[in-house]
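One file, input-v3.cif, carrying mmCIF, C-alpha atoms and all ligand atoms:
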data_data
#
loop_
_atom_site.label_atom_id
_atom_site.label_comp_id
_atom_site.auth_asym_id
_atom_site.auth_seq_id
_atom_site.Cartn_x
_atom_site.Cartn_y
_atom_site.Cartn_z
CA MET A 1 25.77 -8.37 -81.35
CA SER A 2 27.53 -7.66 -84.62
CA VAL A 3 30.55 -5.37 -84.82
CA ARG A 4 28.45 -2.83 -86.73
CA TYR A 5 26.00 -2.47 -83.84
CA ILE A 6 28.87 -2.12 -81.37
CA TYR A 7 30.24 0.74 -83.51
CA ILE A 8 26.81 2.39 -83.65
CA VAL A 9 26.40 2.12 -79.85
CA ILE A 10 29.91 3.52 -79.21
CA PHE A 11 29.29 6.33 -81.69
CA SER A 12 25.92 7.21 -80.10
CA ILE A 13 27.45 7.23 -76.59
CA ALA A 14 30.32 9.41 -77.85
CA ILE A 15 27.97 11.90 -79.50
CA VAL A 16 25.69 12.08 -76.44
CA GLY A 17 28.78 12.48 -74.19
CA LEU A 18 30.22 15.18 -76.44
CA SER A 19 26.87 17.01 -76.47
CA ILE A 20 26.69 16.91 -72.65
CA VAL A 21 30.26 18.24 -72.37
CA GLN A 22 29.43 20.99 -74.90
CA TYR A 23 26.30 21.86 -72.92
CA GLN A 24 28.32 22.13 -69.70
CA TYR A 25 30.83 24.42 -71.43
CA PHE A 26 27.95 26.43 -72.75
CA ARG A 27 26.50 26.85 -69.23
CA ILE A 28 29.90 27.90 -67.88
CA GLY A 29 30.12 30.36 -70.79
CA VAL A 30 26.68 31.82 -70.00
CA ASN A 31 27.65 32.20 -66.32
CA LEU A 32 30.91 33.93 -67.26
CA ALA A 33 29.09 36.22 -69.68
CA GLY A 34 26.63 36.99 -66.82
CA VAL A 35 29.46 37.95 -64.46
CA GLN A 36 31.04 40.08 -67.18
CA PHE A 37 27.68 41.71 -67.83
CA ASP A 38 27.27 42.60 -64.13
CA GLU A 39 30.75 44.14 -64.11
CA LYS A 40 30.04 46.21 -67.21
CA ILE A 41 26.78 47.47 -65.74
CA ALA A 42 28.44 48.34 -62.40
CA GLU A 43 31.11 50.34 -64.29
CA SER A 44 28.47 52.03 -66.45
CA LEU A 45 26.42 52.99 -63.37
CA GLU A 46 29.50 54.48 -61.74
CA ALA A 47 30.25 56.46 -64.93
CA ILE A 48 26.64 57.67 -65.08
CA LYS A 49 26.81 58.73 -61.43
CA GLN A 50 30.04 60.64 -62.05
CA GLY A 51 28.66 62.20 -65.24
CA LEU A 52 25.64 63.63 -63.43
CA LEU A 53 27.56 64.97 -60.41
CA GLN A 54 28.15 68.51 -61.64
CA LYS A 55 25.93 71.16 -63.07
CA ASP A 56 26.30 71.14 -66.86
CA GLU A 57 24.04 71.42 -69.91
CA LEU A 58 22.48 68.00 -69.36
CA THR A 59 21.99 68.18 -65.58
CA PHE A 60 20.67 71.73 -65.93
CA LEU A 61 18.08 70.57 -68.50
CA VAL A 62 17.13 67.54 -66.40
CA GLY A 63 17.01 69.75 -63.28
CA SER A 64 14.64 72.16 -65.05
CA ALA A 65 12.36 69.25 -65.97
CA MET A 66 12.46 67.98 -62.38
CA THR A 67 11.67 71.38 -60.86
CA LYS A 68 9.20 72.15 -63.69
CA GLN A 69 10.90 75.45 -64.56
CA SER A 70 10.68 76.27 -68.23
CA GLY A 71 11.65 79.95 -68.00
CA ASN A 72 15.28 79.47 -69.08
CA PHE A 73 14.49 77.66 -72.29
CA ASN A 74 11.62 79.42 -73.91
CA LEU A 75 9.88 76.07 -74.25
CA GLY A 76 6.76 74.39 -72.87
CA LEU A 77 7.17 72.17 -69.84
CA ASP A 78 6.25 69.07 -71.86
CA SER A 79 8.97 69.76 -74.42
CA ILE A 80 11.55 70.22 -71.67
CA GLN A 81 10.41 66.93 -70.15
CA ASP A 82 10.68 65.14 -73.52
CA ALA A 83 14.07 66.66 -74.29
CA SER A 84 15.39 65.70 -70.85
CA THR A 85 14.17 62.13 -71.19
CA TYR A 86 15.78 61.89 -74.62
CA PHE A 87 19.14 63.46 -73.73
CA LEU A 88 19.45 61.50 -70.47
CA GLU A 89 18.74 58.27 -72.36
CA ASP A 90 21.38 59.20 -74.92
CA PHE A 91 23.86 59.96 -72.13
CA ILE A 92 23.19 56.58 -70.45
CA ARG A 93 23.49 54.73 -73.77
CA GLY A 94 26.85 56.41 -74.35
CA LYS A 95 28.13 55.26 -70.94
CA LEU A 96 26.90 51.69 -71.53
CA ILE A 97 28.57 51.52 -74.93
CA GLN A 98 31.79 52.97 -73.50
CA ASN A 99 31.81 50.10 -70.99
CA GLY A 100 31.12 47.45 -73.59
CA ALA A 101 27.43 46.81 -72.83
CA LYS A 102 25.65 47.50 -76.09
CA LEU A 103 22.08 46.37 -75.44
CA ASP A 104 18.58 47.77 -75.23
CA PHE A 105 17.54 49.36 -71.95
CA ALA A 106 14.93 51.58 -70.30
CA TYR A 107 15.31 53.83 -67.26
CA LYS A 108 13.52 55.96 -64.76
CA LEU A 109 14.63 58.86 -62.56
CA TYR A 110 12.89 58.93 -59.21
CA ALA A 111 13.18 60.01 -55.59
CA THR A 112 12.85 57.76 -52.54
CA ASP A 113 9.54 59.41 -51.69
CA SER A 114 8.31 57.78 -54.97
CA THR A 115 8.20 60.97 -56.98
CA LEU A 116 8.80 59.95 -60.60
CA TYR A 117 10.66 62.64 -62.54
CA LEU A 118 11.59 61.03 -65.83
CA GLN A 119 10.87 57.67 -67.42
CA SER A 120 11.88 56.36 -70.84
CA SER A 121 9.16 54.96 -73.09
CA GLY A 122 10.15 51.28 -72.81
CA TYR A 123 10.16 51.16 -69.03
CA SER A 124 7.99 48.35 -67.69
CA LEU A 125 6.45 48.06 -64.26
CA ASP A 126 6.16 44.32 -64.66
CA THR A 127 9.56 43.18 -63.44
CA ASN A 128 9.10 39.57 -64.53
CA GLY A 129 12.18 38.43 -66.43
CA LEU A 130 13.66 41.91 -66.37
CA LEU A 131 16.83 43.05 -64.68
CA ASN A 132 16.79 46.36 -62.77
CA PHE A 133 19.91 48.17 -61.60
CA PRO A 134 19.35 51.29 -59.45
CA VAL A 135 22.10 53.78 -58.63
CA GLU A 136 21.94 56.77 -56.31
CA ILE A 137 22.68 60.11 -57.93
CA GLU A 138 24.71 62.64 -55.99
CA GLY A 139 25.68 66.28 -56.43
CA TYR A 140 23.79 68.93 -58.31
CA LEU A 141 20.47 67.13 -59.09
CA PRO A 142 19.53 65.81 -55.59
CA SER A 143 20.48 69.20 -54.10
CA LEU A 144 17.93 70.85 -56.42
CA VAL A 145 15.00 68.84 -55.01
CA ASN A 146 16.55 68.09 -51.65
CA LYS A 147 15.66 64.40 -51.91
CA ASP A 148 17.50 61.09 -52.32
CA LEU A 149 17.57 60.61 -56.08
CA PHE A 150 17.95 57.38 -58.04
CA ILE A 151 18.33 56.31 -61.66
CA GLU A 152 17.23 52.78 -62.34
CA LEU A 153 18.33 50.99 -65.51
CA GLN A 154 16.09 48.23 -66.75
CA PHE A 155 17.23 45.52 -69.18
CA GLN A 156 15.06 43.19 -71.18
CA ASN A 157 16.32 40.22 -73.21
CA VAL A 158 19.47 39.89 -71.12
CA ASN A 159 19.58 36.16 -71.93
CA ARG A 160 19.56 36.91 -75.63
CA TYR A 161 22.42 39.36 -75.07
CA LEU A 162 24.39 36.75 -73.08
CA LEU A 163 23.82 34.15 -75.81
CA SER A 164 24.95 36.60 -78.47
CA GLN A 165 28.18 37.01 -76.48
CA LEU A 166 28.74 33.23 -76.84
CA ASN A 167 27.89 32.97 -80.52
CA GLY A 168 31.56 32.59 -81.38
CA LEU A 169 31.57 29.36 -79.35
CA THR A 170 28.10 27.86 -79.69
CA ILE A 171 27.64 28.23 -83.44
CA PRO A 172 31.00 26.58 -84.36
CA SER A 173 30.45 23.73 -81.88
CA ILE A 174 26.94 23.06 -83.23
CA ILE A 175 28.29 23.18 -86.80
CA PHE A 176 31.24 20.86 -86.01
CA LEU A 177 29.05 18.44 -84.03
CA THR A 178 26.57 18.31 -86.91
CA LEU A 179 29.43 17.77 -89.39
CA ILE A 180 30.77 14.88 -87.28
CA ILE A 181 27.30 13.29 -87.13
CA ILE A 182 26.76 13.73 -90.88
CA VAL A 183 30.16 12.26 -91.79
CA ILE A 184 29.79 9.29 -89.42
CA LEU A 185 26.26 8.58 -90.67
CA TRP A 186 27.58 8.77 -94.20
CA VAL A 187 30.38 6.31 -93.31
CA PHE A 188 27.85 3.95 -91.71
CA ARG A 189 25.66 4.18 -94.78
CA ALA A 190 28.60 3.44 -97.10
CA PHE A 191 29.61 0.59 -94.81
CA TYR A 192 26.07 -0.79 -94.87
CA LEU A 193 25.78 -0.49 -98.67
CA GLN A 194 29.19 -2.12 -99.12
CA ASN A 195 28.20 -4.95 -96.80
CA ASN A 196 25.01 -5.43 -98.78
CA LEU A 197 27.01 -5.50 -101.99
CA ILE A 198 29.42 -8.07 -100.54
CA THR A 199 26.50 -10.23 -99.42
CA THR A 200 24.83 -10.03 -102.82
CA THR A 201 28.11 -10.82 -104.57
CA ASN A 202 28.75 -13.77 -102.27
CA GLU A 203 25.23 -15.09 -102.78
CA PHE A 204 25.69 -14.74 -106.53
CA ILE A 205 29.00 -16.62 -106.43
CA ASN A 206 27.52 -19.34 -104.22
CA ASN A 207 24.58 -19.74 -106.58
CA LEU A 208 26.70 -19.73 -109.69
CA THR A 209 29.22 -22.28 -108.46
CA HIS A 210 26.43 -24.48 -107.19
CA GLU A 211 24.68 -24.37 -110.55
CA LEU A 212 27.94 -25.13 -112.36
CA LYS A 213 28.84 -28.12 -110.24
CA THR A 214 26.04 -30.45 -111.33
CA PRO A 215 26.65 -30.15 -115.11
CA VAL A 216 30.41 -30.46 -114.60
CA PHE A 217 29.86 -33.58 -112.49
CA SER A 218 27.58 -35.07 -115.18
CA ILE A 219 30.09 -34.29 -117.96
CA GLY A 220 32.72 -36.01 -115.83
CA VAL A 221 30.63 -39.14 -115.49
CA ALA A 222 29.73 -39.11 -119.18
CA THR A 223 33.37 -38.87 -120.25
CA LYS A 224 34.23 -41.73 -117.93
CA ILE A 225 31.65 -43.88 -119.68
CA LEU A 226 32.94 -42.77 -123.09
CA GLU A 227 36.45 -43.59 -121.96
CA GLU A 228 35.39 -47.16 -121.37
CA LYS A 229 32.96 -47.61 -124.21
CA GLY A 230 34.28 -45.27 -126.88
CA THR A 231 36.48 -46.29 -129.79
CA GLU A 232 40.25 -46.09 -129.76
CA ALA A 233 40.15 -43.13 -132.13
CA GLN A 234 37.91 -41.20 -129.75
CA ARG A 235 40.15 -41.80 -126.76
CA PRO A 236 42.48 -38.74 -127.11
CA LEU A 237 39.47 -36.46 -127.45
CA VAL A 238 37.74 -37.98 -124.44
CA GLU A 239 40.99 -37.71 -122.53
CA MET A 240 41.16 -34.02 -123.38
CA ILE A 241 37.56 -33.41 -122.26
CA ARG A 242 38.21 -35.28 -119.05
CA SER A 243 41.34 -33.34 -118.14
CA GLN A 244 39.61 -30.04 -118.92
CA VAL A 245 36.60 -31.06 -116.81
CA VAL A 246 38.92 -31.84 -113.88
CA LYS A 247 40.54 -28.42 -114.27
CA LEU A 248 37.16 -26.70 -114.47
CA LYS A 249 35.93 -28.50 -111.39
CA GLY A 250 39.09 -27.49 -109.52
CA GLN A 251 38.51 -23.84 -110.46
CA ILE A 252 34.85 -23.93 -109.39
CA ASP A 253 35.80 -25.46 -106.03
CA LYS A 254 38.47 -22.84 -105.57
CA VAL A 255 36.05 -19.95 -106.19
CA LEU A 256 33.66 -21.20 -103.54
CA GLU A 257 36.33 -22.24 -101.07
CA LEU A 258 38.78 -19.36 -101.41
CA GLY A 259 36.64 -16.80 -99.58
CA VAL A 260 36.29 -19.15 -96.62
CA ILE A 261 39.94 -20.16 -96.62
CA GLU A 262 41.12 -16.55 -96.83
CA GLU A 263 38.75 -15.74 -93.97
CA LYS A 264 36.90 -13.05 -95.88
CA LYS A 265 34.07 -11.45 -94.01
CA GLY A 266 30.44 -12.06 -94.97
CA VAL A 267 31.23 -15.15 -97.07
CA ILE A 268 29.15 -17.35 -94.80
CA LYS A 269 25.49 -16.34 -94.68
CA LYS A 270 23.68 -18.50 -92.15
CA LYS A 271 19.94 -19.13 -92.20
CA GLU A 272 17.67 -21.52 -90.36
CA VAL A 273 17.56 -24.47 -92.75
CA GLU A 274 16.38 -28.03 -92.80
CA LEU A 275 19.35 -29.99 -94.13
CA LYS A 276 17.70 -33.33 -94.73
CA PRO A 277 16.38 -32.60 -98.28
CA MET A 278 19.78 -31.30 -99.40
CA LEU A 279 21.64 -34.28 -97.87
CA MET A 280 19.22 -36.75 -99.43
CA GLU A 281 19.57 -35.04 -102.81
CA LEU A 282 23.36 -35.24 -102.50
CA ALA A 283 23.15 -38.93 -101.61
CA LYS A 284 20.80 -39.52 -104.54
CA VAL A 285 23.33 -38.14 -107.01
CA TYR A 286 25.95 -40.58 -105.71
CA GLU A 287 23.47 -43.47 -105.64
CA GLN A 288 22.45 -42.78 -109.24
CA GLN A 289 26.03 -42.53 -110.48
CA ALA A 290 27.36 -45.38 -108.31
CA ASP A 291 27.47 -47.90 -111.18
CA PHE A 292 29.16 -45.46 -113.55
CA LEU A 293 31.68 -44.49 -110.90
CA GLY A 294 32.22 -48.14 -109.96
CA ILE A 295 31.43 -47.59 -106.28
CA THR A 296 29.14 -49.04 -103.71
CA PHE A 297 27.29 -46.19 -102.12
CA ASN A 298 25.06 -46.48 -99.13
CA ALA A 299 23.28 -43.64 -97.32
CA VAL A 300 21.33 -43.91 -94.08
CA PHE A 301 19.29 -41.06 -92.61
CA LYS A 302 18.01 -41.46 -89.08
CA GLY A 303 15.48 -39.16 -87.47
CA ASP A 304 13.19 -36.61 -89.09
CA GLU A 305 13.99 -32.98 -89.86
CA TYR A 306 17.52 -31.65 -89.37
CA TRP A 307 17.10 -27.97 -88.50
CA VAL A 308 20.34 -26.06 -88.18
CA SER A 309 21.56 -22.49 -88.57
CA ALA A 310 23.76 -22.84 -91.61
CA ASP A 311 24.92 -21.67 -94.97
CA GLN A 312 23.53 -24.54 -96.97
CA TYR A 313 25.80 -24.05 -100.00
CA HIS A 314 28.93 -24.35 -97.93
CA ILE A 315 27.68 -27.28 -95.85
CA GLU A 316 26.76 -29.08 -99.07
CA ASN A 317 30.11 -28.25 -100.62
CA ALA A 318 31.99 -29.45 -97.53
CA ILE A 319 30.14 -32.79 -97.45
CA ASN A 320 30.52 -33.17 -101.17
CA GLY A 321 34.25 -32.60 -100.66
CA LEU A 322 34.37 -35.42 -98.09
CA LEU A 323 32.46 -37.72 -100.44
CA GLU A 324 34.81 -36.88 -103.31
CA ASN A 325 37.82 -37.56 -101.12
CA ALA A 326 36.31 -40.90 -100.10
CA TYR A 327 36.04 -41.73 -103.80
CA LYS A 328 39.43 -40.25 -104.74
CA TYR A 329 41.33 -42.03 -101.98
CA SER A 330 39.70 -45.42 -102.41
CA ASP A 331 41.74 -48.01 -104.22
CA LYS A 332 40.14 -51.18 -105.46
CA VAL A 333 37.34 -51.33 -102.92
CA LYS A 334 35.28 -48.25 -103.55
CA ASN A 335 32.82 -48.67 -100.75
CA ILE A 336 31.38 -45.41 -99.41
CA ARG A 337 28.83 -45.01 -96.64
CA MET A 338 27.04 -41.93 -95.46
CA LEU A 339 25.34 -42.00 -92.07
CA VAL A 340 23.29 -39.11 -90.73
CA PHE A 341 21.73 -39.11 -87.26
CA LYS A 342 20.80 -36.87 -84.35
CA SER A 343 22.08 -37.20 -80.81
CA ASP A 344 22.26 -34.82 -77.82
CA ASP A 345 21.01 -31.73 -79.71
CA HIS A 346 23.55 -32.33 -82.44
CA LEU A 347 23.44 -33.51 -86.00
CA TYR A 348 26.10 -36.08 -86.95
CA ILE A 349 27.13 -36.66 -90.55
CA GLU A 350 29.60 -39.48 -91.07
CA ILE A 351 31.36 -40.29 -94.33
CA GLU A 352 33.09 -43.63 -94.26
CA ASP A 353 35.25 -45.28 -96.90
CA LYS A 354 37.25 -48.47 -97.21
CA GLY A 355 40.05 -46.70 -99.02
CA ILE A 356 43.78 -46.29 -98.56
CA GLY A 357 43.47 -44.74 -95.08
CA ILE A 358 45.72 -42.16 -93.45
CA LYS A 359 48.79 -42.76 -91.29
CA GLU A 360 48.39 -41.87 -87.62
CA GLN A 361 50.95 -39.06 -87.81
CA ASP A 362 49.06 -37.50 -90.72
CA VAL A 363 45.58 -37.70 -89.19
CA LYS A 364 45.89 -34.34 -87.42
CA LYS A 365 47.78 -32.64 -90.24
CA VAL A 366 45.42 -33.39 -93.13
CA PHE A 367 43.21 -30.47 -92.02
CA ASP A 368 46.08 -28.01 -92.30
CA LYS A 369 46.20 -25.60 -95.19
CA TYR A 370 48.03 -27.04 -98.25
CA TYR A 371 48.84 -30.28 -96.42
CA ARG A 372 48.84 -33.38 -98.59
CA VAL A 373 49.91 -36.83 -97.47
CA SER A 374 53.28 -37.39 -99.12
CA ASP A 375 52.37 -40.66 -100.84
CA GLY A 376 48.94 -39.34 -101.79
CA ASP A 377 50.20 -38.73 -105.31
CA LYS A 378 50.98 -42.41 -105.74
CA HIS A 379 47.36 -42.88 -106.58
CA ASN A 380 47.56 -40.34 -109.32
CA VAL A 381 45.20 -38.01 -107.51
CA LYS A 382 45.81 -34.33 -108.01
CA GLY A 383 44.92 -31.76 -105.39
CA TYR A 384 45.98 -28.59 -103.58
CA GLY A 385 45.64 -29.78 -100.00
CA LEU A 386 42.89 -27.23 -99.41
CA GLY A 387 39.76 -29.42 -99.36
CA LEU A 388 39.92 -30.66 -95.76
CA HIS A 389 41.13 -27.28 -94.51
CA TYR A 390 38.03 -25.75 -96.08
CA VAL A 391 35.79 -28.44 -94.51
CA LYS A 392 37.30 -27.78 -91.09
CA ARG A 393 36.79 -24.02 -91.41
CA ILE A 394 33.19 -24.45 -92.51
CA VAL A 395 32.49 -26.74 -89.58
CA HIS A 396 34.08 -24.29 -87.16
CA LEU A 397 32.17 -21.36 -88.65
CA HIS A 398 29.02 -23.36 -87.87
CA LYS A 399 30.17 -23.98 -84.29
CA GLY A 400 30.63 -27.64 -85.13
CA ARG A 401 33.37 -30.20 -84.82
CA ILE A 402 35.08 -32.65 -87.17
CA ARG A 403 36.71 -35.95 -86.18
CA LEU A 404 38.75 -38.31 -88.27
CA THR A 405 39.44 -41.95 -87.54
CA SER A 406 41.55 -43.80 -90.05
CA LYS A 407 43.71 -46.87 -90.50
CA VAL A 408 46.13 -47.37 -93.33
CA GLY A 409 44.78 -49.90 -95.78
CA GLU A 410 41.43 -50.15 -94.06
CA GLY A 411 39.76 -46.83 -94.67
CA SER A 412 38.73 -43.58 -93.04
CA THR A 413 35.69 -42.10 -91.31
CA PHE A 414 35.10 -38.39 -91.17
CA SER A 415 32.54 -37.49 -88.53
CA LEU A 416 31.03 -34.05 -88.66
CA ARG A 417 28.95 -32.64 -85.80
CA LEU A 418 26.70 -29.55 -86.07
CA PRO A 419 24.54 -28.03 -83.33
CA LEU A 420 20.82 -28.55 -83.98
CA LEU A 421 18.40 -25.67 -83.56
CA LYS A 422 16.05 -25.99 -80.61
CA ARG A 423 12.58 -25.83 -82.13
P1 LIG B 1 43.64 -32.77 -101.61
O1 LIG B 1 42.68 -33.89 -101.74
O2 LIG B 1 43.43 -31.68 -102.61
O3 LIG B 1 45.06 -33.23 -101.57
P2 LIG B 1 42.53 -32.43 -99.02
O4 LIG B 1 42.67 -31.31 -98.06
O5 LIG B 1 41.14 -32.76 -99.46
O6 LIG B 1 43.41 -32.04 -100.22
O7 LIG B 1 43.17 -33.66 -98.37
C1 LIG B 1 44.43 -33.61 -97.75
C2 LIG B 1 45.12 -34.97 -97.77
O8 LIG B 1 44.41 -35.85 -96.92
C3 LIG B 1 45.08 -35.60 -99.12
O9 LIG B 1 46.24 -35.26 -99.82
C4 LIG B 1 44.99 -37.11 -98.83
O10 LIG B 1 46.29 -37.63 -98.77
C5 LIG B 1 44.38 -37.16 -97.46
N1 LIG B 1 42.97 -37.62 -97.51
C6 LIG B 1 41.88 -36.85 -97.56
N2 LIG B 1 40.75 -37.59 -97.55
C7 LIG B 1 41.13 -38.86 -97.49
C8 LIG B 1 40.46 -40.12 -97.46
N3 LIG B 1 39.14 -40.21 -97.47
N4 LIG B 1 41.22 -41.24 -97.37
C9 LIG B 1 42.55 -41.18 -97.36
N5 LIG B 1 43.25 -40.03 -97.38
C10 LIG B 1 42.58 -38.89 -97.45
#

Any chance you could give the structure as structure tokens?
Ligand code: ADP
Amino acid sequence: MSVRYIYIVIFSIAIVGLSIVQYQYFRIGVNLAGVQFDEKIAESLEAIKQGLLQKDELTFLVGSAMTKQSGNFNLGLDSIQDASTYFLEDFIRGKLIQNGAKLDFAYKLYATDSTLYLQSSGYSLDTNGLLNFPVEIEGYLPSLVNKDLFIELQFQNVNRYLLSQLNGLTIPSIIFLTLIIIVILWVFRAFYLQNNLITTTNEFINNLTHELKTPVFSIGVATKILEEKGTEAQRPLVEMIRSQVVKLKGQIDKVLELGVIEEKKGVIKKKEVELKPMLMELAKVYEQQADFLGITFNAVFKGDEYWVSADQYHIENAINGLLENAYKYSDKVKNIRMLVFKSDDHLYIEIEDKGIGIKEQDVKKVFDKYYRVSDGDKHNVKGYGLGLHYVKRIVHLHKGRIRLTSKVGEGSTFSLRLPLLKR
């Protein structure tokens, strides 16, 4: 699993976890708001009870409605009933607001023998989802009718009220959670686009360097021929072309190799590829130029298709590097052999030369960054000591292995092993 997917999984778990925690807080908040609500209602009921204890304008009016006596008011019984219902509702609302419970309610005033005296318009007999709080009224009013008297408050939409109490918590946490998700998604998107850009740039560089290598190689061979066959007067010019071509080739190699050597991410783009055509093409170039280069080149390919998961450009470049070294570090006998075969689910590519060889103490070090064998320059071969380091990194990035056997004066064999795809 790539690092990106690990990040996405961690992020998703974190967001789900955070949402669960927020939900739990929210539930605790709703419960607390519920407890607070009950307290406020209990206090309001007590205040209502106290407020209706004595005979005053309100209780007198309500009492008249209850006993159906309109004589004191010069009004019809219905009007007294309506006025009582209205003023009692107003009184209850006042007590609720005083105790911090500002929400819609309905009420009824009744006796235990089920006589209904007053009832506000919104009162519902269907108690489903409604909260009812009865309180016994004492004092003046019950004494008028000589019955146990109750006021019952009824609340609808209590949940909405409780939620509104938590708005200061829920709305900010939803906003902040959404902001976090948006920002992280935006970061992922930017990360994805950047990765895509890096991949496209790397592919472009790989393509470009690959396309440049062949003409540069051909110019190199052509100048070598001119060097031998050209006139004396042409020699300085040919020499100049040759040195510039060497420089150019060095720069091209560096562009392709630098990303790998500096361990930049996304430089290697592996695909399932069949390497045989590329290897044969590479061998063909050396076979065709063998006479011009003054080498004996021999390539043997055993077995049919070589399917591996690889970045073909880099594998080709690495093998080309080994072939170039074989040529560079061969003295008089320029005898190069390339052997490719399959064994135990692996592909083996061996490059063998009969060149100057490498001392035992240097065999391990030649793969190190910038390492050059100290007498390497004797042979007038210029280099940066990066080629074999690059080859080793490429092989490792392909889960392969590289071995070197060498004897001074006799030659060297570089053996490269890559895992084959099971098909
Ligand atoms: P460069 O060729 O630029 O010096 P390399 O990393 O390709 O860098 O090689 C490191 C050293 O290993 C070279 O300096 C050379 O001395 C030695 N070397 C590499 N390939 C061969 C070879 N085929 N035969 C002998 N010596 C070699």

So for region 101-120 of chain A, what box centre and size do we get, axis-aligned, 5 Å extra on each of the six sides, every listed atom, Å to one decimal, as lines of an AutoDock Vina configuration file?
center_x = 17.8
center_y = 54.5
center_z = -63.9
size_x = 29.2
size_y = 26.3
size_z = 34.4

Discussion item. Set the distance at 10 Å and use all atoms listed in the file: which residues neighbour Arg393 (chain A) once local chain neighbours fewer than 3 positions away are removed? I'd like the list as JSON, numbers by chain.
Written reply: {"A": [257, 260, 261, 263, 318, 367, 388, 389, 390, 396, 397, 398, 399, 400, 401, 402]}

Item to complete: Please extract the residues at most 6 Å from ligand LIG 1 (chain B), counting all atoms listed in the file, and provide them as number ranges by chain, using the chain letters and residue numbers of this document.
Response: A: 325-326, 329, 355-358, 366, 371-373, 376, 383-389, 412

Could you save the residues just selected, with C-alpha atoms, as a compact mmCIF listing (two decimals), keeping the file's coordinate frame?
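Contents of part_31.txt, freshly written:
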# COMPACT_ATOMS: atom_id res chain seq x y z
CA ASN A 325 37.82 -37.56 -101.12
CA ALA A 326 36.31 -40.90 -100.10
CA TYR A 329 41.33 -42.03 -101.98
CA GLY A 355 40.05 -46.70 -99.02
CA ILE A 356 43.78 -46.29 -98.56
CA GLY A 357 43.47 -44.74 -95.08
CA ILE A 358 45.72 -42.16 -93.45
CA VAL A 366 45.42 -33.39 -93.13
CA TYR A 371 48.84 -30.28 -96.42
CA ARG A 372 48.84 -33.38 -98.59
CA VAL A 373 49.91 -36.83 -97.47
CA GLY A 376 48.94 -39.34 -101.79
CA GLY A 383 44.92 -31.76 -105.39
CA TYR A 384 45.98 -28.59 -103.58
CA GLY A 385 45.64 -29.78 -100.00
CA LEU A 386 42.89 -27.23 -99.41
CA GLY A 387 39.76 -29.42 -99.36
CA LEU A 388 39.92 -30.66 -95.76
CA HIS A 389 41.13 -27.28 -94.51
CA SER A 412 38.73 -43.58 -93.04

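Across the model, the gap from CA of Lys147 (chain A) to CA of Tyr110 (chain A) is 9.5 Å.
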
Item to complete: Would you kindly return, as a ChimeraX atom specification, each protein, DNA or RNA residue with an atom no farther than 9 Å from any atom of Phe301 (chain A), considering all atoms listed in the file and excluding same-chain residues fewer than 4 positions away?
Response: /A:276,279-280,338-341

Worksheet item: So which one's closest to Ile8 (chain A), A:Lys55, A:Lys302, A:Lys369, A:Arg189? Using only C-alpha atoms, please.
Response: A:Arg189
